[in-house]
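Asker: Got a structure for you, questions after.
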Protein chains: 2
Amino acid sequence: MTSGGGPARWVVPFAEGSAAMRDLLGNKGANLAEMTRVLGAERVPGGFTITTTACVAYMRSGGEAPSGLDEQIDEALGALEAEAGKRFGDPADPLLLSVRSGAPISMPGMLDTVLNLGLGAESTEGLAHRTGNAHLALDSRRRLLQMFGEVVAGVPADSYEEVLSRTRDEAGARYDRELDEGALRKLIDEYLAIYEGHTAEAFPEDPREQLRRSVLAVFDSWNNPRAFTYRRLNGIPDELGTAVTVQRMVFGNTGERSGSGVAFSRDPTTGERRADGDFLVDAQGEDVVAGVRNTEDLGGLADRMPEAHAELLASLERLERHYRDIQDVEYTIEDGRLYILQTRSAKRHALAAVRFASDARHEALLSKEDALRTIDPEALTALLHPAIDPDSDYEVLTRGVPASPGAAKGRIVLTAAAAEAGAAAGEDVILVRPFTSADDVGGFHAARGILTAQGGKSSHAAIVARGMGRPCVCGASEMAVDTAAGVVRIGDRELHAGDTIAIDGSVGTVTGDDVELVRPRVGDAFAEVLGWADDIRRLGVRANADTAEDARHARELGAEGIGLCRTEHMFFGPDREELVREMFISGELARRERAAGAEDGPRESEYRDGLARLAEIQRRDFSALLAEMGGLPVTIRLLDPPLHEFIPVSGFDRELAEAEAAGDEAAVARARERRDVASDLEEVNPMLGTRGARLGLILEGLYEMQARAIAEAAIETGAGGAAGVEIMLPLIAYESELAALRQRVEAVVGEVLGEHASEVPIGTMIELPRACMIAGRIAEHADFFSFGTNDLTQTTLGLSRDDAESGFLPDYASRGLIGRSPFETIDVDGVGELVWIAAERGRATKPELKLGICGEHGGDPASIEFFDEAGLDYVSCSPFRIPVARMAAARAVIG
Amino acid sequence: MTSGGGPARWVVPFAEGSAAMRDLLGNKGANLAEMTRVLGAERVPGGFTITTTACVAYMRSGGEAPSGLDEQIDEALGALEAEAGKRFGDPADPLLLSVRSGAPISMPGMLDTVLNLGLGAESTEGLAHRTGNAHLALDSRRRLLQMFGEVVAGVPADSYEEVLSRTRDEAGARYDRELDEGALRKLIDEYLAIYEGHTAEAFPEDPREQLRRSVLAVFDSWNNPRAFTYRRLNGIPDELGTAVTVQRMVFGNTGERSGSGVAFSRDPTTGERRADGDFLVDAQGEDVVAGVRNTEDLGGLADRMPEAHAELLASLERLERHYRDIQDVEYTIEDGRLYILQTRSAKRHALAAVRFASDARHEALLSKEDALRTIDPEALTALLHPAIDPDSDYEVLTRGVPASPGAAKGRIVLTAAAAEAGAAAGEDVILVRPFTSADDVGGFHAARGILTAQGGKSSHAAIVARGMGRPCVCGASEMAVDTAAGVVRIGDRELHAGDTIAIDGSVGTVTGDDVELVRPRVGDAFAEVLGWADDIRRLGVRANADTAEDARHARELGAEGIGLCRTEHMFFGPDREELVREMFISGELARRERAAGAEDGPRESEYRDGLARLAEIQRRDFSALLAEMGGLPVTIRLLDPPLHEFIPVSGFDRELAEAEAAGDEAAVARARERRDVASDLEEVNPMLGTRGARLGLILEGLYEMQARAIAEAAIETGAGGAAGVEIMLPLIAYESELAALRQRVEAVVGEVLGEHASEVPIGTMIELPRACMIAGRIAEHADFFSFGTNDLTQTTLGLSRDDAESGFLPDYASRGLIGRSPFETIDVDGVGELVWIAAERGRATKPELKLGICGEHGGDPASIEFFDEAGLDYVSCSPFRIPVARMAAARAVIG
């Protein structure tokens, strides 16, 4: 790129650049230029950037430095020397430079850096003398030799590391910094020899040659295989090129009037408007990080160097106003003069994020939209769950997968039944299992928290616990649970049923200590910023909730309805399970009776009796739920899981053994028949078996019972109206299924609700790829679609949630074959594409079709962004994720 | 519809219509007109058709007969009377009429018919007198009363049936035809009373009123709920209307010079050019069907009535030449005069179909394309498999699902091991199991046939048996298999291991008799017509074949390559199974070792040793296969099934028990470790688990071993070249999987084949909905796609093949929710749509991308038609279905 008449401009001093010149200066160069613009040249160590266009010209010419580059570097270097009052290569007081690569797009695969350029044999002594710190000077020289050798001359890193390691051993030193002057001098000589051995030339002591060769080496690094692969994987064009930033080095370890530290423009923990940070006198930045000495707080700096302290506060203030966000700044004081090395947005606790967003808006620092942009929606979960008191000191017994956030404390129970008994007796219990299944769900309700030895974030335990808002740690693989013996072993340690433990599902820790659980104080700012999010977002936010308690919680957190009530969860509980088992067994027997030609056999009437008893329970549950939601929409899904989940064979095996032991022949026959039915219903791939609508179609009367209970509850709470209730049919693959079931449901609802029946929308889950393909025809029979992205992910990817998370998915992630798990963030290319197609085809048939999503992705910010883009009407998620979803939905609008 | 000046034409006599007037005359009217055109008016009982436009006008006017209709009917009736020489309503010798509905599109839901119109009280006696058959006359009258009452006046059918049933009981008669004159007369009186009771008017004895009201009743039937629903379900427009055909009735039961029969223009069993059929003297058509008396053959007719016989032969000849297909004709002879009542294409055995196609072409009756159109591709399978001698008399012990065609006979074995032992000893064995799993595959190879008590057409047994061409009867649910006791129980009958049975998998029968198995003689005509099909078809036809024997068979049947060689099938067999188990167990242990940080642990080398031993076996197998195919393309799929299929826990449980019994501690430890590994690998939904590419990626070395064995086999048989081999990677969901595996496979192939490596295409199965969505990106790494429609059906529909066929699918089919099983014929709307999308996206990236399909649908004619339309390059199917596929592919082209 050459401009009109004169030579092209290959070099841009910091003071002449800005953040807008990222393409030309790379990230690093643009950031330094911007900071220089904000704080003035005296506050940022000077330097200049060689542009990406120079790199491109260099590559195009096949490795020739573009014409005019050397001259422009010389010129910029001259200006830098003048500003710093030091000369590059001055033996007495040398100006030292760093050279760093910086592409316009962050490329961690290509970070080549050379420090301490300009430090020849003589000037090393000069630096030692000037700073009174021979160790500093020698170690800087040693590092120059190593970095230059590796980056510029291609000397293998091992060559240096081997010598360094031997030197440390000989000196009895654990860290490089413990090497004494003698050792360092010997090391330098050996490094020089290594260089010569590998390159057949002496180390170039001419500082300008060092600089020139370093710059070209950075250009070359653009095409190293690592960088090439990284670009390929991330779709970065090869033509961009990298910039090279050359900067003066400053030293915080030149005595008592020097030092380094990190500072924040506001408190990153609370958000309080008060600069915060630390300081280490007579030290470089890396010493602060290494934690060799204890740092002081900013008060310490104020005491030692009030002027530098004031300058730091002023700089923080200026940077924050400029970048309009809490800043996290690295600074160095060299001989009393403050230099800001880097600034970036500060990582912050959710409390601080919320407070800053609120304050910044009131301070007119940020607009409402910009204030919201400073909050990571995901972080908000930290404000909703209790945690183990972060100030307490406790022993972590073991760790697992942080599967459902929040902390819980209680006595160990090893079975769902024990959990229920404990809860009934008013105890706090933690359910500890090798893994969990549908059998254990009653125990989830009863327990404060769940701990398992197996399974990952998508295991049964994790999903159910998150759904109920119960803290859960999964896959604590060091733990062995011996349910029969009532013992939990972790290494040598034995815990017993009844012992107290605490788990923290936000971080995955388990402790046996008697810790305090604390709930973060959420101030008014929380409600305020969520209110702004509500003003902005387009997507509705509903909750997945199965009980009145869940519903109340969801409303408190801002849910605008229930997007998914799983009626099967109402089938669990000690008072219900036997009833449910009886009903299903007799239902299956009645089905066989009918298939054999008997229209109204004895099983049929047993089954009908069972349904009637359950109907009463369901009606009460639905009434409570609807009452809690006060007329907001409540989508109730009819029974979904495979039959055999309710009637596991193991339960009947026990029953049979007991009957045999008691010698009761009638009981034996009965138990055997039940066991056989349960066994017949076991499936090879239950996920793909007889469940959802399939069950509803063949087990006649079941969905009718549920629909009737829903309609009766609606009339009870809705003052005659439909109370916002919506009925949803799961696992539809063929439109004929929906048509048939809709007819049955409409008949029952019509009987109960009469003219109000038309107020009850009837819709379907869209959770099979086939349903997406024929969504246009399904829409003819549906008032709404709710995407079940959990199941849709399983079928689209051919991935069993139960198996993949403990199977190949972790392996895939570690090999870089996939990014985030498709069960955490929606797989946009596969599942997302199907959602698009289904939404489009459904609305082509019925423009007013309401579209929602009720899979776990409904609470994931990245997924919510996608759902907004795809034009869905609402997302539905666990109650605890409602604030996250509200915020993410707003972010989806404002970007 | 009114023409220019005069009144609209509502009535068309048979002699003035033709087949082209189907829209106006309906199917029935058009067919009768066409037949009249071909044979002349004297050979078809005369009549006329009232047009669909008359029906439409009637409906539009709200139920008014259109103007001119009555007059036109009168006119046509006059002509008919003149032609027949009888008068409608003549008390002495009445002309009797039938009235039938006939829509342009077949609508079985709306078939309203009234017979014997014109038979008043008096003319009944006249008819009795003229025919000398009072029973005929009275029963005709009785039927008129009942049909008119039901169809025209809406009298409930039950009213008549109740009286009829009582009359039969009183007369001690089992069938209506056994009622005597007295009983019939009494019945007629009661029927007249029923009519009057329901309609409050006397039965209309005026023949013209009967006719008029019958015609309007047929019009009305167009809108009855049954017809309405049928049209809705089948997408037939309501505006079409129905025609009404009025025809003179003829009687074959008026004495010795009368009779009825059915005749074929050629022998429907052999295709021989010789009229064939039967004849029953002094009988109506329904008597022939009822089988009351034994019929004679056409020779009998020739003896009795040579003239009518000659006329029949001439008519058959004329009809066959006109319709250009073997005709199946119903005829009646009334007083020596032949009437043809109906003609249609004859159902025929496959042998006859093939012979006719060949003959008809040589006789210049049909073009090549038209000759092919007369063959049902599916029927060809009957020519490829032995069957139980159809002439033998044997007892059917029980029936099951005809799951894989062909018959087999042999001694009962109850385990795969016993099958292998029996086969090794040279015995023919039938493997009888409750159900089968991957464990049993070795037994499939060894057995002549497979019989199971559970599972349907898509069960494991059915799929594997069809794939190997082994006859199989599945789901013989009356049968109980007690493997431990070595007993098979069917009702009271007990069979034992070692007893001889025979099964016929084409029809689903099982017998204990010592039947003969016969193979149909396939003549030259078979090869000839398949040759024509090959000339015409666009789709390539390959075979799914795993062994050299399969490959030879496939080539004999015309396969142009192998589209799917499942390498896992090479892992079975008594000499291999232990090797395979060892290899996988050590492979999994090596993987854990590596995950724990050990790079080259002891398990790793055990695993590598196991791989090396298997490599040698695989190389030999591949060589034999490639040699058999002589350079034709051979697509070899790398290992697909989930690991645990090779190492079922049960096997190790046995091993552990034995080791414990022997008290060998080292063996116990070893067995326990192996059992634990196998148990860890069990999956909740194996179909959606760690299999295919997933296994290939995490179990390093396995696919490399297979690729090396393939390349070595190629070089061995290909004289240095690649011998047509193609390598296929299964279960790709992400393009990153294919890219990574392709790299590994290419490296190995390159090492072995050098410059010839580029001759080996590397492609992928497309068998997950996600793969269809991202087919464009997958195509960047694939030389070909092969649609695995079995798995794609399972994932797209969320249907486990193993569970659905014995679960809800049969129920769905019986409720009319689905048509054919999606595992038999591709689900065009769901799975097919995904195939379209993938084909389009794949070819958009790479226009030369080769597209095939290797699921079971590759051998299904309806599916093949779809694959042709979707633009695929080839289908691949079981060797035995190759002829079906060749024919179906030709039919896809010619329609």
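Residues in the structure tokens are named by chain (A, B, ... in the order shown) and by number from 1 within that chain; ligands are numbered from 1 in the order shown.
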How close does chain B get to chain A? List, as a tab-separated table, each residue of chain B within 8 Å, its nearest atom pair and the distance in Å to one decimal, counting only C-alpha atoms.

Answerer:
```
residue	atom	partner	partner_atom	distance
B:Glu683	CA	A:Asp803	CA	6.0
B:Val684	CA	A:Asp803	CA	6.5
B:Asn685	CA	A:Asn685	CA	4.4
B:Pro686	CA	A:Asn685	CA	6.6
B:Met687	CA	A:Asn685	CA	6.6
B:Leu688	CA	A:Leu799	CA	4.6
B:Gly689	CA	A:Ser800	CA	5.8
B:Thr690	CA	A:Phe808	CA	6.3
B:Arg694	CA	A:Phe808	CA	6.7
B:Ile698	CA	A:Asp811	CA	7.1
B:Ala733	CA	A:Leu797	CA	6.0
B:Tyr734	CA	A:Leu817	CA	7.9
B:Ser736	CA	A:Leu817	CA	5.6
B:Glu737	CA	A:Leu817	CA	6.6
B:Leu768	CA	A:Leu797	CA	6.2
B:Pro769	CA	A:Thr796	CA	4.8
B:Arg770	CA	A:Gly830	CA	4.7
B:Ala771	CA	A:Gly830	CA	7.7
B:Met773	CA	A:Gly830	CA	5.6
B:Ile774	CA	A:Gly830	CA	6.7
B:Gln794	CA	A:Leu688	CA	7.7
B:Thr795	CA	A:Thr795	CA	4.9
B:Thr796	CA	A:Pro769	CA	4.8
B:Leu797	CA	A:Arg770	CA	5.5
B:Gly798	CA	A:Leu688	CA	4.9
B:Leu799	CA	A:Leu688	CA	4.6
B:Ser800	CA	A:Leu688	CA	4.8
B:Asp802	CA	A:Val684	CA	6.6
B:Asp803	CA	A:Gly689	CA	5.8
B:Ala804	CA	A:Gly689	CA	6.2
B:Gly807	CA	A:Thr690	CA	6.5
B:Phe808	CA	A:Thr690	CA	6.3
B:Asp811	CA	A:Ile698	CA	7.1
B:Leu817	CA	A:Ser736	CA	5.5
B:Ile818	CA	A:Ser736	CA	7.7
B:Asp829	CA	A:Ile774	CA	6.7
B:Gly830	CA	A:Arg770	CA	4.7
B:Val831	CA	A:Arg770	CA	7.0
B:Glu833	CA	A:Met773	CA	7.0
B:Leu834	CA	A:Met773	CA	7.8
```

Asker: Compile the contact shell of stretch 70-75 of chain B as a ChimeraX atom specification: residues with an atom at most 10 Å away, counting only C-alpha atoms, same-chain residues fewer than 2 positions apart removed.

Answerer: /B:8-13,48-50,65-68,77-81,208,211-212,246

Asker: If we count only C-alpha atoms and set the cut-off at 9 Å, which residues sit around B:Leu614, ignoring sequence neighbours fewer than 6 positions away in its own chain? Please answer as a VMD selection string.

Answerer: chain B and resid 571 576 579 to 580 583 705 to 706

Asker: May I have the selected residues written with N, CA, C and O atoms, as a tab-separated table (two decimals), in the first residue's frame?

Answerer:
```
chain	number	residue	atom	x	y	z
B	571	PHE	N	-15.17	-59.62	12.00
B	571	PHE	CA	-14.64	-59.83	13.35
B	571	PHE	C	-15.31	-61.02	14.03
B	571	PHE	O	-14.96	-61.39	15.13
B	576	ARG	N	-11.85	-65.90	15.64
B	576	ARG	CA	-11.52	-64.48	15.74
B	576	ARG	C	-12.02	-63.81	17.01
B	576	ARG	O	-11.48	-62.81	17.44
B	579	LEU	N	-9.68	-63.12	19.86
B	579	LEU	CA	-8.69	-62.15	19.42
B	579	LEU	C	-9.27	-60.73	19.46
B	579	LEU	O	-8.64	-59.78	19.94
B	580	VAL	N	-10.49	-60.62	18.95
B	580	VAL	CA	-11.16	-59.32	18.89
B	580	VAL	C	-11.42	-58.80	20.31
B	580	VAL	O	-11.14	-57.64	20.62
B	583	MET	N	-8.20	-57.62	21.87
B	583	MET	CA	-7.74	-56.38	21.26
B	583	MET	C	-8.52	-55.19	21.81
B	583	MET	O	-7.95	-54.17	22.17
B	705	MET	N	-5.07	-49.54	11.47
B	705	MET	CA	-4.87	-50.95	11.18
B	705	MET	C	-5.75	-51.37	10.02
B	705	MET	O	-5.31	-52.03	9.06
B	706	GLN	N	-7.03	-50.98	10.07
B	706	GLN	CA	-7.95	-51.39	9.02
B	706	GLN	C	-7.55	-50.78	7.67
B	706	GLN	O	-7.57	-51.46	6.64
```

Asker: Hey, what's within 12 Å of stretch 720-722 of chain B if we count only C-alpha atoms and toss same-chain stuff fewer than 3 positions away? As a tab-separated table (two decimals) with C-alpha atoms, in the first residue's frame, please?

Answerer:
```
chain	number	residue	atom	x	y	z
B	623	SER	CA	-7.83	-59.65	-0.60
B	626	LEU	CA	-11.26	-57.62	-3.91
B	627	ALA	CA	-10.13	-60.55	-6.01
B	630	GLY	CA	-12.01	-57.94	-10.12
B	631	GLY	CA	-11.47	-54.21	-9.99
B	632	LEU	CA	-15.07	-53.10	-9.62
B	633	PRO	CA	-15.52	-50.45	-6.93
B	634	VAL	CA	-15.55	-51.88	-3.40
B	635	THR	CA	-16.51	-49.52	-0.59
B	710	ILE	CA	-7.20	-52.56	3.01
B	711	ALA	CA	-4.26	-50.91	1.25
B	712	GLU	CA	-2.15	-54.05	1.50
B	713	ALA	CA	-4.99	-56.14	0.12
B	714	ALA	CA	-5.41	-53.66	-2.70
B	715	ILE	CA	-1.76	-53.84	-3.67
B	716	GLU	CA	-1.87	-57.62	-3.46
B	717	THR	CA	-4.86	-58.01	-5.78
B	725	VAL	CA	-11.11	-50.00	-3.21
B	726	GLU	CA	-12.87	-47.08	-1.51
B	727	ILE	CA	-12.62	-46.34	2.21
B	749	VAL	CA	-2.66	-45.59	2.60
B	750	GLY	CA	0.07	-43.33	1.29
B	752	VAL	CA	1.49	-48.61	1.50
B	753	LEU	CA	0.29	-47.51	-1.92
B	754	GLY	CA	2.67	-44.65	-2.65
B	755	GLU	CA	1.67	-42.83	-5.81
B	756	HIS	CA	-1.38	-45.06	-6.19
B	757	ALA	CA	-2.80	-43.73	-2.93
B	758	SER	CA	-4.66	-41.03	-4.83
B	759	GLU	CA	-6.67	-43.77	-6.56
B	760	VAL	CA	-8.37	-44.61	-3.25
B	761	PRO	CA	-11.42	-42.42	-2.73
```

Asker: Please identify all polymer residues within 10 Å of B:Leu312, counting only C-alpha atoms, omitting same-chain residues fewer than 4 positions from it, and present them as a ChimeraX atom specification.

Answerer: /B:43,263,265,275,298,301-302,306-308,316-318,329,331,333,338-340

Asker: List as a PyMOL selection string the protein and nucleic acid residues near stretch 355-364 of chain A, meaning an atom at most 8 Å away when only C-alpha atoms are counted, but skip any in the same chain fewer than 2 places from it.

Answerer: chain A and resi 270-272+326+351-353+366-368+371-372+374-375+525-526+528-529

Asker: So the first atom is atom CA of B:Glu568 and the second is atom CA of B:Glu780; what is the distance between them in Å, to one decimal place?

Answerer: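 Rounded to one decimal, the two atoms are 27.2 Å apart.
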
Asker: Considering only strand (DSSP E) as DSSP defines it on the backbone, what residues of stretch 176-273 of chain A qualify? List them as a list in words.

Answerer: Ala243, Val244, Thr245, Val246, Gln247, Arg248, Gly259, Ser260, Gly261, Val262, Ala263 and Phe264 of chain A

Asker: Determine which residues of stretch 606-655 of chain B receive a DSSP assignment of helix (DSSP H, G or I), computed from the backbone, and state them as a PyMOL selection string.

Answerer: chain B and resi 606-629+643-645+649-655

Asker: Quick one: everything within 8 Å of A:Gly540, counting only C-alpha atoms, minus sequence neighbours fewer than 3 positions away in the same chain. Send it as a PyMOL selection string.

Answerer: chain A and resi 537+560+873-875

Asker: Separation of atom CA of A:Thr764 and atom CA of A:Ala839, in Å?

Answerer: 12.9 Å

Asker: Considering only C-alpha atoms, state which residue in the set A:Gly491, A:Pro520, A:Gly718, A:Pro405 is at the smallest distance from A:Ile463.

Answerer: A:Pro405

Asker: Just how far from atom CA of A:Phe251 is atom CA of A:Leu119, in Å to one decimal?

Answerer: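 Atom CA of A:Phe251 lies at a distance of 13.8 Å from atom CA of A:Leu119.
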
Asker: Given the choices B:Leu341, B:Ile388, B:Ala782, B:Asp546, which gets closest to B:Pro847 if the distance is worked out from only C-alpha atoms?

Answerer: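 Closest candidate: B:Ala782.
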
Asker: Rank nothing, just name the residue among A:Asp621, A:Glu556, A:Glu369, A:Glu16 nearest to A:Ala890, using only C-alpha atoms.

Answerer: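 That would be A:Glu369, the residue with the smallest distance to A:Ala890.
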